[in-house]
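Heads up, structure-v5.pdb below (PDB, C-alpha atoms and all ligand atoms):
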ATOM      1  CA  MET A  26      17.632 -26.543 -30.831  1.00  0.00           C
ATOM      2  CA  LYS A  27      17.034 -24.853 -34.153  1.00  0.00           C
ATOM      3  CA  ILE A  28      16.102 -27.019 -37.121  1.00  0.00           C
ATOM      4  CA  PHE A  29      17.552 -26.255 -40.523  1.00  0.00           C
ATOM      5  CA  LEU A  30      16.960 -28.170 -43.746  1.00  0.00           C
ATOM      6  CA  ASP A  31      20.022 -29.192 -45.714  1.00  0.00           C
ATOM      7  CA  THR A  32      18.587 -28.876 -49.202  1.00  0.00           C
ATOM      8  CA  ALA A  33      18.136 -26.588 -52.190  1.00  0.00           C
ATOM      9  CA  ASN A  34      14.706 -28.058 -53.037  1.00  0.00           C
ATOM     10  CA  LEU A  35      12.014 -25.362 -52.782  1.00  0.00           C
ATOM     11  CA  ASP A  36       9.098 -27.777 -52.283  1.00  0.00           C
ATOM     12  CA  GLU A  37      10.827 -29.400 -49.312  1.00  0.00           C
ATOM     13  CA  ILE A  38      11.626 -26.001 -47.815  1.00  0.00           C
ATOM     14  CA  GLN A  39       8.073 -24.709 -48.313  1.00  0.00           C
ATOM     15  CA  THR A  40       6.637 -27.872 -46.719  1.00  0.00           C
ATOM     16  CA  ALA A  41       8.840 -27.635 -43.608  1.00  0.00           C
ATOM     17  CA  TYR A  42       8.089 -23.905 -43.374  1.00  0.00           C
ATOM     18  CA  ASP A  43       4.346 -24.591 -43.522  1.00  0.00           C
ATOM     19  CA  TRP A  44       4.715 -27.089 -40.658  1.00  0.00           C
ATOM     20  CA  GLY A  45       6.128 -24.279 -38.511  1.00  0.00           C
ATOM     21  CA  VAL A  46       9.365 -26.109 -37.683  1.00  0.00           C
ATOM     22  CA  LEU A  47      11.855 -24.515 -40.055  1.00  0.00           C
ATOM     23  CA  ASP A  48      14.416 -22.094 -38.618  1.00  0.00           C
ATOM     24  CA  GLY A  49      16.845 -21.952 -41.541  1.00  0.00           C
ATOM     25  CA  VAL A  50      18.450 -23.708 -44.499  1.00  0.00           C
ATOM     26  CA  THR A  51      21.956 -24.814 -45.399  1.00  0.00           C
ATOM     27  CA  THR A  52      22.996 -25.325 -48.999  1.00  0.00           C
ATOM     28  CA  ASN A  53      26.186 -26.351 -50.686  1.00  0.00           C
ATOM     29  CA  PRO A  54      27.291 -26.536 -54.328  1.00  0.00           C
ATOM     30  CA  THR A  55      26.411 -30.256 -54.464  1.00  0.00           C
ATOM     31  CA  LEU A  56      22.825 -29.658 -53.302  1.00  0.00           C
ATOM     32  CA  VAL A  57      22.231 -26.800 -55.760  1.00  0.00           C
ATOM     33  CA  TYR A  58      23.738 -28.827 -58.622  1.00  0.00           C
ATOM     34  CA  ARG A  59      21.403 -31.726 -57.748  1.00  0.00           C
ATOM     35  CA  GLU A  60      18.403 -29.407 -58.240  1.00  0.00           C
ATOM     36  CA  GLY A  61      19.636 -28.236 -61.647  1.00  0.00           C
ATOM     37  CA  ALA A  62      19.223 -24.655 -60.413  1.00  0.00           C
ATOM     38  CA  GLN A  63      21.300 -21.502 -60.794  1.00  0.00           C
ATOM     39  CA  PHE A  64      23.059 -20.647 -57.553  1.00  0.00           C
ATOM     40  CA  LYS A  65      22.160 -16.991 -56.927  1.00  0.00           C
ATOM     41  CA  PRO A  66      18.460 -17.066 -57.887  1.00  0.00           C
ATOM     42  CA  ARG A  67      17.972 -20.309 -55.958  1.00  0.00           C
ATOM     43  CA  VAL A  68      19.555 -18.871 -52.804  1.00  0.00           C
ATOM     44  CA  ILE A  69      17.331 -15.776 -53.063  1.00  0.00           C
ATOM     45  CA  ASP A  70      14.210 -17.933 -53.586  1.00  0.00           C
ATOM     46  CA  ILE A  71      15.115 -19.976 -50.498  1.00  0.00           C
ATOM     47  CA  CYS A  72      15.661 -16.801 -48.430  1.00  0.00           C
ATOM     48  CA  ASN A  73      12.246 -15.506 -49.470  1.00  0.00           C
ATOM     49  CA  ILE A  74      10.543 -18.640 -48.144  1.00  0.00           C
ATOM     50  CA  VAL A  75      12.490 -19.219 -44.948  1.00  0.00           C
ATOM     51  CA  GLY A  76      12.708 -15.832 -43.240  1.00  0.00           C
ATOM     52  CA  GLY A  77      15.760 -17.161 -41.329  1.00  0.00           C
ATOM     53  CA  PRO A  78      19.457 -17.893 -41.900  1.00  0.00           C
ATOM     54  CA  VAL A  79      20.315 -19.438 -45.283  1.00  0.00           C
ATOM     55  CA  SER A  80      23.912 -20.604 -45.750  1.00  0.00           C
ATOM     56  CA  ALA A  81      25.435 -20.098 -49.199  1.00  0.00           C
ATOM     57  CA  GLU A  82      28.996 -21.144 -49.927  1.00  0.00           C
ATOM     58  CA  VAL A  83      31.940 -19.239 -51.375  1.00  0.00           C
ATOM     59  CA  THR A  84      33.733 -21.162 -54.098  1.00  0.00           C
ATOM     60  CA  ALA A  85      37.060 -19.327 -54.335  1.00  0.00           C
ATOM     61  CA  SER A  86      40.065 -21.614 -54.052  1.00  0.00           C
ATOM     62  CA  GLN A  87      40.922 -22.719 -50.526  1.00  0.00           C
ATOM     63  CA  ASP A  88      44.096 -20.568 -50.464  1.00  0.00           C
ATOM     64  CA  ASP A  89      42.447 -17.461 -51.833  1.00  0.00           C
ATOM     65  CA  ALA A  90      41.340 -15.413 -48.827  1.00  0.00           C
ATOM     66  CA  GLU A  91      40.802 -12.258 -50.901  1.00  0.00           C
ATOM     67  CA  GLY A  92      38.609 -14.212 -53.323  1.00  0.00           C
ATOM     68  CA  MET A  93      36.550 -15.618 -50.438  1.00  0.00           C
ATOM     69  CA  ILE A  94      36.146 -12.137 -48.949  1.00  0.00           C
ATOM     70  CA  ARG A  95      35.112 -10.668 -52.312  1.00  0.00           C
ATOM     71  CA  GLN A  96      32.629 -13.463 -52.964  1.00  0.00           C
ATOM     72  CA  GLY A  97      31.399 -13.405 -49.369  1.00  0.00           C
ATOM     73  CA  LEU A  98      30.622  -9.688 -49.507  1.00  0.00           C
ATOM     74  CA  ASP A  99      28.822 -10.197 -52.808  1.00  0.00           C
ATOM     75  CA  ILE A 100      26.776 -13.187 -51.558  1.00  0.00           C
ATOM     76  CA  ALA A 101      25.903 -11.378 -48.316  1.00  0.00           C
ATOM     77  CA  GLY A 102      24.380  -8.588 -50.403  1.00  0.00           C
ATOM     78  CA  TRP A 103      21.913 -10.936 -52.130  1.00  0.00           C
ATOM     79  CA  HIS A 104      19.506 -11.070 -49.206  1.00  0.00           C
ATOM     80  CA  GLU A 105      19.403 -10.073 -45.533  1.00  0.00           C
ATOM     81  CA  HIS A 106      19.043 -13.735 -44.496  1.00  0.00           C
ATOM     82  CA  VAL A 107      22.197 -14.972 -46.229  1.00  0.00           C
ATOM     83  CA  VAL A 108      24.964 -16.469 -44.092  1.00  0.00           C
ATOM     84  CA  VAL A 109      28.248 -16.918 -45.965  1.00  0.00           C
ATOM     85  CA  LYS A 110      29.638 -20.443 -45.814  1.00  0.00           C
ATOM     86  CA  VAL A 111      33.426 -20.480 -45.665  1.00  0.00           C
ATOM     87  CA  PRO A 112      35.560 -23.643 -45.817  1.00  0.00           C
ATOM     88  CA  CYS A 113      37.751 -24.532 -42.844  1.00  0.00           C
ATOM     89  CA  PHE A 114      41.235 -23.547 -44.072  1.00  0.00           C
ATOM     90  CA  PRO A 115      43.724 -20.904 -42.876  1.00  0.00           C
ATOM     91  CA  ALA A 116      42.624 -18.576 -45.685  1.00  0.00           C
ATOM     92  CA  GLY A 117      39.061 -19.232 -44.552  1.00  0.00           C
ATOM     93  CA  LEU A 118      39.950 -17.889 -41.090  1.00  0.00           C
ATOM     94  CA  LYS A 119      41.187 -14.656 -42.672  1.00  0.00           C
ATOM     95  CA  ALA A 120      37.974 -14.429 -44.678  1.00  0.00           C
ATOM     96  CA  ILE A 121      35.833 -15.096 -41.579  1.00  0.00           C
ATOM     97  CA  LYS A 122      37.619 -12.325 -39.677  1.00  0.00           C
ATOM     98  CA  ALA A 123      37.276  -9.837 -42.537  1.00  0.00           C
ATOM     99  CA  LEU A 124      33.619 -10.703 -43.170  1.00  0.00           C
ATOM    100  CA  ALA A 125      32.802 -10.492 -39.440  1.00  0.00           C
ATOM    101  CA  SER A 126      34.352  -7.025 -39.317  1.00  0.00           C
ATOM    102  CA  GLU A 127      31.922  -6.013 -42.086  1.00  0.00           C
ATOM    103  CA  GLY A 128      28.992  -7.415 -40.099  1.00  0.00           C
ATOM    104  CA  VAL A 129      28.615 -10.461 -42.372  1.00  0.00           C
ATOM    105  CA  ARG A 130      27.561 -13.701 -40.658  1.00  0.00           C
ATOM    106  CA  THR A 131      29.585 -16.794 -41.534  1.00  0.00           C
ATOM    107  CA  ASN A 132      29.203 -20.547 -41.262  1.00  0.00           C
ATOM    108  CA  THR A 133      32.498 -22.460 -41.203  1.00  0.00           C
ATOM    109  CA  THR A 134      31.948 -25.610 -43.197  1.00  0.00           C
ATOM    110  CA  LEU A 135      33.815 -28.928 -43.427  1.00  0.00           C
ATOM    111  CA  VAL A 136      34.786 -28.897 -39.743  1.00  0.00           C
ATOM    112  CA  PHE A 137      36.211 -32.245 -38.648  1.00  0.00           C
ATOM    113  CA  SER A 138      38.125 -31.460 -35.437  1.00  0.00           C
ATOM    114  CA  PRO A 139      37.536 -29.507 -32.200  1.00  0.00           C
ATOM    115  CA  ALA A 140      40.695 -27.480 -32.900  1.00  0.00           C
ATOM    116  CA  GLN A 141      39.331 -26.315 -36.260  1.00  0.00           C
ATOM    117  CA  ALA A 142      36.098 -25.254 -34.535  1.00  0.00           C
ATOM    118  CA  LEU A 143      37.990 -23.368 -31.820  1.00  0.00           C
ATOM    119  CA  LEU A 144      40.011 -21.401 -34.369  1.00  0.00           C
ATOM    120  CA  ALA A 145      36.921 -20.601 -36.456  1.00  0.00           C
ATOM    121  CA  ALA A 146      35.145 -19.302 -33.334  1.00  0.00           C
ATOM    122  CA  LYS A 147      38.171 -17.170 -32.411  1.00  0.00           C
ATOM    123  CA  ALA A 148      38.244 -15.724 -35.941  1.00  0.00           C
ATOM    124  CA  GLY A 149      34.632 -14.597 -35.502  1.00  0.00           C
ATOM    125  CA  ALA A 150      32.499 -17.288 -37.141  1.00  0.00           C
ATOM    126  CA  THR A 151      28.775 -17.153 -36.416  1.00  0.00           C
ATOM    127  CA  TYR A 152      28.397 -20.936 -36.846  1.00  0.00           C
ATOM    128  CA  VAL A 153      30.725 -23.925 -37.128  1.00  0.00           C
ATOM    129  CA  SER A 154      29.482 -27.001 -38.966  1.00  0.00           C
ATOM    130  CA  PRO A 155      30.928 -30.318 -37.769  1.00  0.00           C
ATOM    131  CA  PHE A 156      30.106 -32.946 -40.439  1.00  0.00           C
ATOM    132  CA  LEU A 157      29.361 -35.842 -38.141  1.00  0.00           C
ATOM    133  CA  GLY A 158      27.904 -38.307 -40.664  1.00  0.00           C
ATOM    134  CA  ARG A 159      31.068 -38.187 -42.752  1.00  0.00           C
ATOM    135  CA  LEU A 160      33.093 -39.059 -39.643  1.00  0.00           C
ATOM    136  CA  ASP A 161      30.747 -41.973 -38.906  1.00  0.00           C
ATOM    137  CA  ASP A 162      31.360 -43.084 -42.507  1.00  0.00           C
ATOM    138  CA  ILE A 163      35.066 -43.549 -41.749  1.00  0.00           C
ATOM    139  CA  GLN A 164      34.484 -45.259 -38.413  1.00  0.00           C
ATOM    140  CA  HIS A 165      34.930 -42.263 -36.118  1.00  0.00           C
ATOM    141  CA  VAL A 166      32.099 -41.308 -33.757  1.00  0.00           C
ATOM    142  CA  GLY A 167      30.920 -38.029 -35.277  1.00  0.00           C
ATOM    143  CA  MET A 168      28.775 -37.104 -32.273  1.00  0.00           C
ATOM    144  CA  ASP A 169      31.900 -37.021 -30.065  1.00  0.00           C
ATOM    145  CA  LEU A 170      33.104 -34.108 -32.185  1.00  0.00           C
ATOM    146  CA  VAL A 171      29.849 -32.202 -31.679  1.00  0.00           C
ATOM    147  CA  ARG A 172      29.964 -32.868 -27.915  1.00  0.00           C
ATOM    148  CA  SER A 173      33.569 -31.699 -27.682  1.00  0.00           C
ATOM    149  CA  ILE A 174      32.902 -28.457 -29.582  1.00  0.00           C
ATOM    150  CA  VAL A 175      29.834 -27.701 -27.457  1.00  0.00           C
ATOM    151  CA  MET A 176      31.938 -28.188 -24.300  1.00  0.00           C
ATOM    152  CA  ILE A 177      34.774 -25.953 -25.532  1.00  0.00           C
ATOM    153  CA  PHE A 178      32.417 -23.159 -26.557  1.00  0.00           C
ATOM    154  CA  GLU A 179      30.628 -23.368 -23.183  1.00  0.00           C
ATOM    155  CA  ASN A 180      33.936 -23.330 -21.254  1.00  0.00           C
ATOM    156  CA  TYR A 181      34.899 -20.019 -22.789  1.00  0.00           C
ATOM    157  CA  ALA A 182      31.440 -18.579 -23.515  1.00  0.00           C
ATOM    158  CA  TYR A 183      32.030 -18.309 -27.262  1.00  0.00           C
ATOM    159  CA  GLU A 184      28.962 -16.945 -28.994  1.00  0.00           C
ATOM    160  CA  CYS A 185      29.681 -19.078 -32.054  1.00  0.00           C
ATOM    161  CA  GLN A 186      26.854 -21.597 -32.604  1.00  0.00           C
ATOM    162  CA  VAL A 187      27.409 -25.311 -33.144  1.00  0.00           C
ATOM    163  CA  LEU A 188      25.554 -26.420 -36.263  1.00  0.00           C
ATOM    164  CA  ALA A 189      25.477 -30.230 -36.401  1.00  0.00           C
ATOM    165  CA  ALA A 190      25.686 -31.150 -40.092  1.00  0.00           C
ATOM    166  CA  SER A 191      25.847 -34.217 -42.305  1.00  0.00           C
ATOM    167  CA  LEU A 192      23.072 -35.828 -40.263  1.00  0.00           C
ATOM    168  CA  ARG A 193      21.870 -39.074 -41.765  1.00  0.00           C
ATOM    169  CA  HIS A 194      19.059 -40.387 -39.518  1.00  0.00           C
ATOM    170  CA  PRO A 195      16.679 -39.342 -36.712  1.00  0.00           C
ATOM    171  CA  LEU A 196      18.927 -40.517 -33.868  1.00  0.00           C
ATOM    172  CA  HIS A 197      21.627 -38.140 -35.081  1.00  0.00           C
ATOM    173  CA  VAL A 198      19.138 -35.294 -34.545  1.00  0.00           C
ATOM    174  CA  VAL A 199      18.054 -36.480 -31.104  1.00  0.00           C
ATOM    175  CA  GLU A 200      21.646 -36.994 -29.956  1.00  0.00           C
ATOM    176  CA  ALA A 201      22.664 -33.597 -31.336  1.00  0.00           C
ATOM    177  CA  ALA A 202      19.919 -32.083 -29.162  1.00  0.00           C
ATOM    178  CA  GLU A 203      21.091 -34.117 -26.151  1.00  0.00           C
ATOM    179  CA  VAL A 204      24.689 -32.919 -26.430  1.00  0.00           C
ATOM    180  CA  GLY A 205      23.558 -29.307 -26.804  1.00  0.00           C
ATOM    181  CA  ALA A 206      24.080 -28.452 -30.485  1.00  0.00           C
ATOM    182  CA  ASP A 207      22.531 -25.057 -31.229  1.00  0.00           C
ATOM    183  CA  VAL A 208      21.319 -26.146 -34.659  1.00  0.00           C
ATOM    184  CA  ALA A 209      20.788 -29.424 -36.509  1.00  0.00           C
ATOM    185  CA  THR A 210      20.662 -29.308 -40.292  1.00  0.00           C
ATOM    186  CA  MET A 211      19.185 -32.328 -42.013  1.00  0.00           C
ATOM    187  CA  PRO A 212      17.877 -33.663 -45.315  1.00  0.00           C
ATOM    188  CA  PHE A 213      14.081 -33.482 -45.714  1.00  0.00           C
ATOM    189  CA  LYS A 214      13.925 -37.284 -45.521  1.00  0.00           C
ATOM    190  CA  VAL A 215      15.306 -37.177 -41.968  1.00  0.00           C
ATOM    191  CA  LEU A 216      12.789 -34.485 -40.969  1.00  0.00           C
ATOM    192  CA  LEU A 217       9.992 -36.780 -42.185  1.00  0.00           C
ATOM    193  CA  GLN A 218      11.465 -39.709 -40.252  1.00  0.00           C
ATOM    194  CA  LEU A 219      11.486 -37.611 -37.066  1.00  0.00           C
ATOM    195  CA  MET A 220       7.678 -37.448 -37.065  1.00  0.00           C
ATOM    196  CA  LYS A 221       7.133 -41.080 -37.958  1.00  0.00           C
ATOM    197  CA  HIS A 222       6.185 -43.668 -35.330  1.00  0.00           C
ATOM    198  CA  PRO A 223       4.436 -46.999 -36.000  1.00  0.00           C
ATOM    199  CA  LEU A 224       2.427 -46.740 -32.765  1.00  0.00           C
ATOM    200  CA  THR A 225       1.112 -43.326 -33.845  1.00  0.00           C
ATOM    201  CA  ASP A 226       0.027 -44.888 -37.170  1.00  0.00           C
ATOM    202  CA  SER A 227      -1.611 -47.979 -35.653  1.00  0.00           C
ATOM    203  CA  GLY A 228      -3.204 -45.964 -32.839  1.00  0.00           C
ATOM    204  CA  GLN A 229      -4.791 -43.516 -35.285  1.00  0.00           C
ATOM    205  CA  GLU A 230      -5.947 -46.332 -37.547  1.00  0.00           C
ATOM    206  CA  ARG A 231      -7.740 -47.911 -34.573  1.00  0.00           C
ATOM    207  CA  PHE A 232      -9.341 -44.626 -33.476  1.00  0.00           C
ATOM    208  CA  LEU A 233     -10.690 -43.931 -36.979  1.00  0.00           C
ATOM    209  CA  SER A 234     -11.932 -47.472 -37.402  1.00  0.00           C
ATOM    210  CA  ASP A 235     -13.772 -47.340 -34.064  1.00  0.00           C
ATOM    211  CA  TRP A 236     -15.174 -43.904 -34.940  1.00  0.00           C
ATOM    212  CA  ASN A 237     -16.656 -45.373 -38.127  1.00  0.00           C
ATOM    213  CA  LYS A 238     -18.152 -48.265 -36.146  1.00  0.00           C
ATOM    214  CA  LEU A 239     -19.654 -45.751 -33.728  1.00  0.00           C
ATOM    215  CA  GLN A 240     -21.339 -43.928 -36.626  1.00  0.00           C
ATOM    216  CA  GLU A 241     -22.751 -47.196 -37.976  1.00  0.00           C
ATOM    217  CA  GLN A 242     -24.064 -48.069 -34.493  1.00  0.00           C
ATOM    218  CA  LEU A 243     -25.708 -44.657 -34.195  1.00  0.00           C
ATOM    219  CA  ALA A 244     -27.297 -44.957 -37.650  1.00  0.00           C
ATOM    220  CA  LYS A 245     -28.876 -48.295 -36.691  1.00  0.00           C
ATOM    221  CA  SER A 246     -30.265 -47.076 -33.349  1.00  0.00           C
TER     222      SER A 246
HETATM  223  O1  LIG B 301      25.422 -29.722 -44.341  1.00  0.00           O
HETATM  224  C1  LIG B 301      26.403 -30.618 -44.727  1.00  0.00           C
HETATM  225  C2  LIG B 301      25.874 -31.649 -45.618  1.00  0.00           C
HETATM  226  O2  LIG B 301      25.384 -31.108 -46.796  1.00  0.00           O
HETATM  227  C3  LIG B 301      26.798 -32.777 -45.878  1.00  0.00           C
HETATM  228  O3  LIG B 301      26.018 -33.892 -45.810  1.00  0.00           O
HETATM  229  O4  LIG B 301      25.387 -36.205 -46.210  1.00  0.00           O
HETATM  230  O5  LIG B 301      26.880 -35.021 -47.845  1.00  0.00           O
HETATM  231  O6  LIG B 301      27.742 -35.685 -45.612  1.00  0.00           O
HETATM  232  P1  LIG B 301      26.549 -35.263 -46.409  1.00  0.00           P
END

Structure encoded using structure tokens:
Amino acid sequence: MKIFLDTANLDEIQTAYDWGVLDGVTTNPTLVYREGAQFKPRVIDICNIVGGPVSAEVTASQDDAEGMIRQGLDIAGWHEHVVVKVPCFPAGLKAIKALASEGVRTNTTLVFSPAQALLAAKAGATYVSPFLGRLDDIQHVGMDLVRSIVMIFENYAYECQVLAASLRHPLHVVEAAEVGADVATMPFKVLLQLMKHPLTDSGQERFLSDWNKLQEQLAKS
């Protein structure tokens, strides 16, 4: 499973890249706003670090397919790693189809049902992003959506990749891997949590403490 960071923070992206675990980045207008950054230069800066797919969202109105296509073509020209994020509406399908025919990769965002994912895949989306945490928030099991989309895409050999999004904790990531998501995108905090284990901490503390005792013993002998 590929690991993407869901952030527009350059320090977080550089850190994950340096660890050798970063395959890509997803952004959205909320994340860029939170950083106080300008959209285009920030997306280009992220692309220059990652060397992999970086999703950047069109912001034309949800009924404006031509606007999405225009913006998508523009955004795709910013950097070879850009993937154009298109919202999951009928006009979005038209934009996905048109962008795909121009060789532009797309990520269908705000997917909340298997049917939406199926239509996005048929239109030619490169990725679909089920937002599973937001479903959990309203007492639906978000992971069931990811599982269902994975099954549908496997049944018909769609090349479209399932990008599990809106992940809130480490178990979301592990379960996304278990159900066969192609990608999991997560906040940096969740990536940190993935590596954390109290037995690793206490085990290392003990090893270092005993190593120090060994040195003291050697010095006395
Ligand atoms: O990638 C989607 C993500 O940005 C949404 O996450 O936590 O706002 O539901 P969240």

### Query
Hey, which residues come within 7 Å of ligand LIG 301 (chain B) if we count only C-alpha atoms and all ligand atoms? Could you give them as a PyMOL selection string?
chain A and resi 31+51-53+156+158-159+190-193+210

### Query
In Å, how far is it from atom CA of A:Val46 to atom CA of A:Phe137?
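About the pair atom CA of A:Val46 and atom CA of A:Phe137: they are 27.6 Å apart.
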
### Query
List as a PyMOL selection string: which residues have an atom within 12 Å of (5.9, -35.8, -41.7), counting only C-alpha atoms?
chain A and resi 37+40-41+43-46+213-222+225-226

Now that the selection is made, can you save its residues with C-alpha atoms as a PDB file, in the coordinates of the input?
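And here is the file that came out, result_9.pdb:
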ATOM      1  CA  GLU A  37      10.827 -29.400 -49.312  1.00  0.00           C
ATOM      2  CA  THR A  40       6.637 -27.872 -46.719  1.00  0.00           C
ATOM      3  CA  ALA A  41       8.840 -27.635 -43.608  1.00  0.00           C
ATOM      4  CA  ASP A  43       4.346 -24.591 -43.522  1.00  0.00           C
ATOM      5  CA  TRP A  44       4.715 -27.089 -40.658  1.00  0.00           C
ATOM      6  CA  GLY A  45       6.128 -24.279 -38.511  1.00  0.00           C
ATOM      7  CA  VAL A  46       9.365 -26.109 -37.683  1.00  0.00           C
ATOM      8  CA  PHE A 213      14.081 -33.482 -45.714  1.00  0.00           C
ATOM      9  CA  LYS A 214      13.925 -37.284 -45.521  1.00  0.00           C
ATOM     10  CA  VAL A 215      15.306 -37.177 -41.968  1.00  0.00           C
ATOM     11  CA  LEU A 216      12.789 -34.485 -40.969  1.00  0.00           C
ATOM     12  CA  LEU A 217       9.992 -36.780 -42.185  1.00  0.00           C
ATOM     13  CA  GLN A 218      11.465 -39.709 -40.252  1.00  0.00           C
ATOM     14  CA  LEU A 219      11.486 -37.611 -37.066  1.00  0.00           C
ATOM     15  CA  MET A 220       7.678 -37.448 -37.065  1.00  0.00           C
ATOM     16  CA  LYS A 221       7.133 -41.080 -37.958  1.00  0.00           C
ATOM     17  CA  HIS A 222       6.185 -43.668 -35.330  1.00  0.00           C
ATOM     18  CA  THR A 225       1.112 -43.326 -33.845  1.00  0.00           C
ATOM     19  CA  ASP A 226       0.027 -44.888 -37.170  1.00  0.00           C
TER      20      ASP A 226
END

### Task
Can you pull out every residue within 12 Å of A:Glu127, counting only C-alpha atoms, but drop anything in the same chain fewer than 6 positions away, and send it as a ChimeraX atom specification?
/A:94-95,97-99,101-102,120-121,149

### Query
With all atoms listed in the file as the atoms that count, which of A:Val153, A:Ala62, A:Val108, A:Ile38 lies nearest to A:Val75?
A:Ile38

Please enumerate the residues selected by the PyMOL selection byres (((chain A and resi 205) around 9) and not hetatm) when evaluated against the supplied file, formatted as a CSV table (one decimal) with C-alpha atoms, in the frame of the given file.
chain,number,residue,atom,x,y,z
A,26,MET,CA,17.6,-26.5,-30.8
A,171,VAL,CA,29.8,-32.2,-31.7
A,172,ARG,CA,30.0,-32.9,-27.9
A,175,VAL,CA,29.8,-27.7,-27.5
A,176,MET,CA,31.9,-28.2,-24.3
A,187,VAL,CA,27.4,-25.3,-33.1
A,200,GLU,CA,21.6,-37.0,-30.0
A,201,ALA,CA,22.7,-33.6,-31.3
A,202,ALA,CA,19.9,-32.1,-29.2
A,203,GLU,CA,21.1,-34.1,-26.2
A,204,VAL,CA,24.7,-32.9,-26.4
A,206,ALA,CA,24.1,-28.5,-30.5
A,207,ASP,CA,22.5,-25.1,-31.2
A,208,VAL,CA,21.3,-26.1,-34.7

### Task
Using all atoms listed in the file, find the one residue out of A:Ser234, A:Asn34, A:Thr84, A:Gln240 that sits nearest to A:Glu60.
A:Asn34

### Query
How far is it from atom CA of A:Arg67 to atom CA of A:Pro212, in Å with one decimal?
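A separation of 17.1 Å between them.
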
Using all atoms of stretch 171-174 of chain A that appear in the file, construct an axis-aligned enclosing box with 5 Å of padding on every side and provide its centre coordinates and edge lengths in Å, rounded to one decimal, as lines of an AutoDock Vina configuration file.
center_x = 31.7
center_y = -30.7
center_z = -29.7
size_x = 13.7
size_y = 14.4
size_z = 14.0

### Task
Using the chain letters and numbers from the file, give me the residues hit by the PyMOL selection byres (((chain A and resi 119) around 12) and not hetatm), as a count of residues only.
32

Got a sec to write stretch 140-151 of chain A of the block to a file, N, CA and C atoms, as an mmCIF file, in the first residue's frame?
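The result, stored in out.cif:
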data_model
loop_
_atom_site.group_PDB
_atom_site.id
_atom_site.type_symbol
_atom_site.label_atom_id
_atom_site.label_comp_id
_atom_site.auth_asym_id
_atom_site.auth_seq_id
_atom_site.Cartn_x
_atom_site.Cartn_y
_atom_site.Cartn_z
ATOM 1 N N ALA A 140 -21.311 3.630 -5.380
ATOM 2 C CA ALA A 140 -21.817 4.014 -6.703
ATOM 3 C C ALA A 140 -21.053 5.227 -7.247
ATOM 4 N N GLN A 141 -20.779 6.192 -6.384
ATOM 5 C CA GLN A 141 -19.991 7.354 -6.827
ATOM 6 C C GLN A 141 -18.619 6.897 -7.324
ATOM 7 N N ALA A 142 -18.005 5.968 -6.580
ATOM 8 C CA ALA A 142 -16.668 5.488 -6.960
ATOM 9 C C ALA A 142 -16.712 4.762 -8.303
ATOM 10 N N LEU A 143 -17.750 3.946 -8.503
ATOM 11 C CA LEU A 143 -17.890 3.206 -9.755
ATOM 12 C C LEU A 143 -17.994 4.164 -10.942
ATOM 13 N N LEU A 144 -18.816 5.200 -10.795
ATOM 14 C CA LEU A 144 -18.984 6.149 -11.898
ATOM 15 C C LEU A 144 -17.692 6.929 -12.163
ATOM 16 N N ALA A 145 -16.990 7.298 -11.095
ATOM 17 C CA ALA A 145 -15.725 8.031 -11.281
ATOM 18 C C ALA A 145 -14.713 7.156 -12.027
ATOM 19 N N ALA A 146 -14.669 5.859 -11.657
ATOM 20 C CA ALA A 146 -13.738 4.943 -12.337
ATOM 21 C C ALA A 146 -14.112 4.816 -13.814
ATOM 22 N N LYS A 147 -15.415 4.681 -14.086
ATOM 23 C CA LYS A 147 -15.860 4.566 -15.485
ATOM 24 C C LYS A 147 -15.507 5.813 -16.289
ATOM 25 N N ALA A 148 -15.578 6.982 -15.625
ATOM 26 C CA ALA A 148 -15.274 8.239 -16.336
ATOM 27 C C ALA A 148 -13.777 8.377 -16.623
ATOM 28 N N GLY A 149 -12.957 7.572 -15.926
ATOM 29 C CA GLY A 149 -11.517 7.616 -16.213
ATOM 30 C C GLY A 149 -10.656 8.174 -15.095
ATOM 31 N N ALA A 150 -11.200 8.187 -13.869
ATOM 32 C CA ALA A 150 -10.397 8.713 -12.747
ATOM 33 C C ALA A 150 -9.188 7.817 -12.475
ATOM 34 N N THR A 151 -8.102 8.433 -12.089
ATOM 35 C CA THR A 151 -6.896 7.677 -11.706
ATOM 36 C C THR A 151 -7.041 7.144 -10.284
#
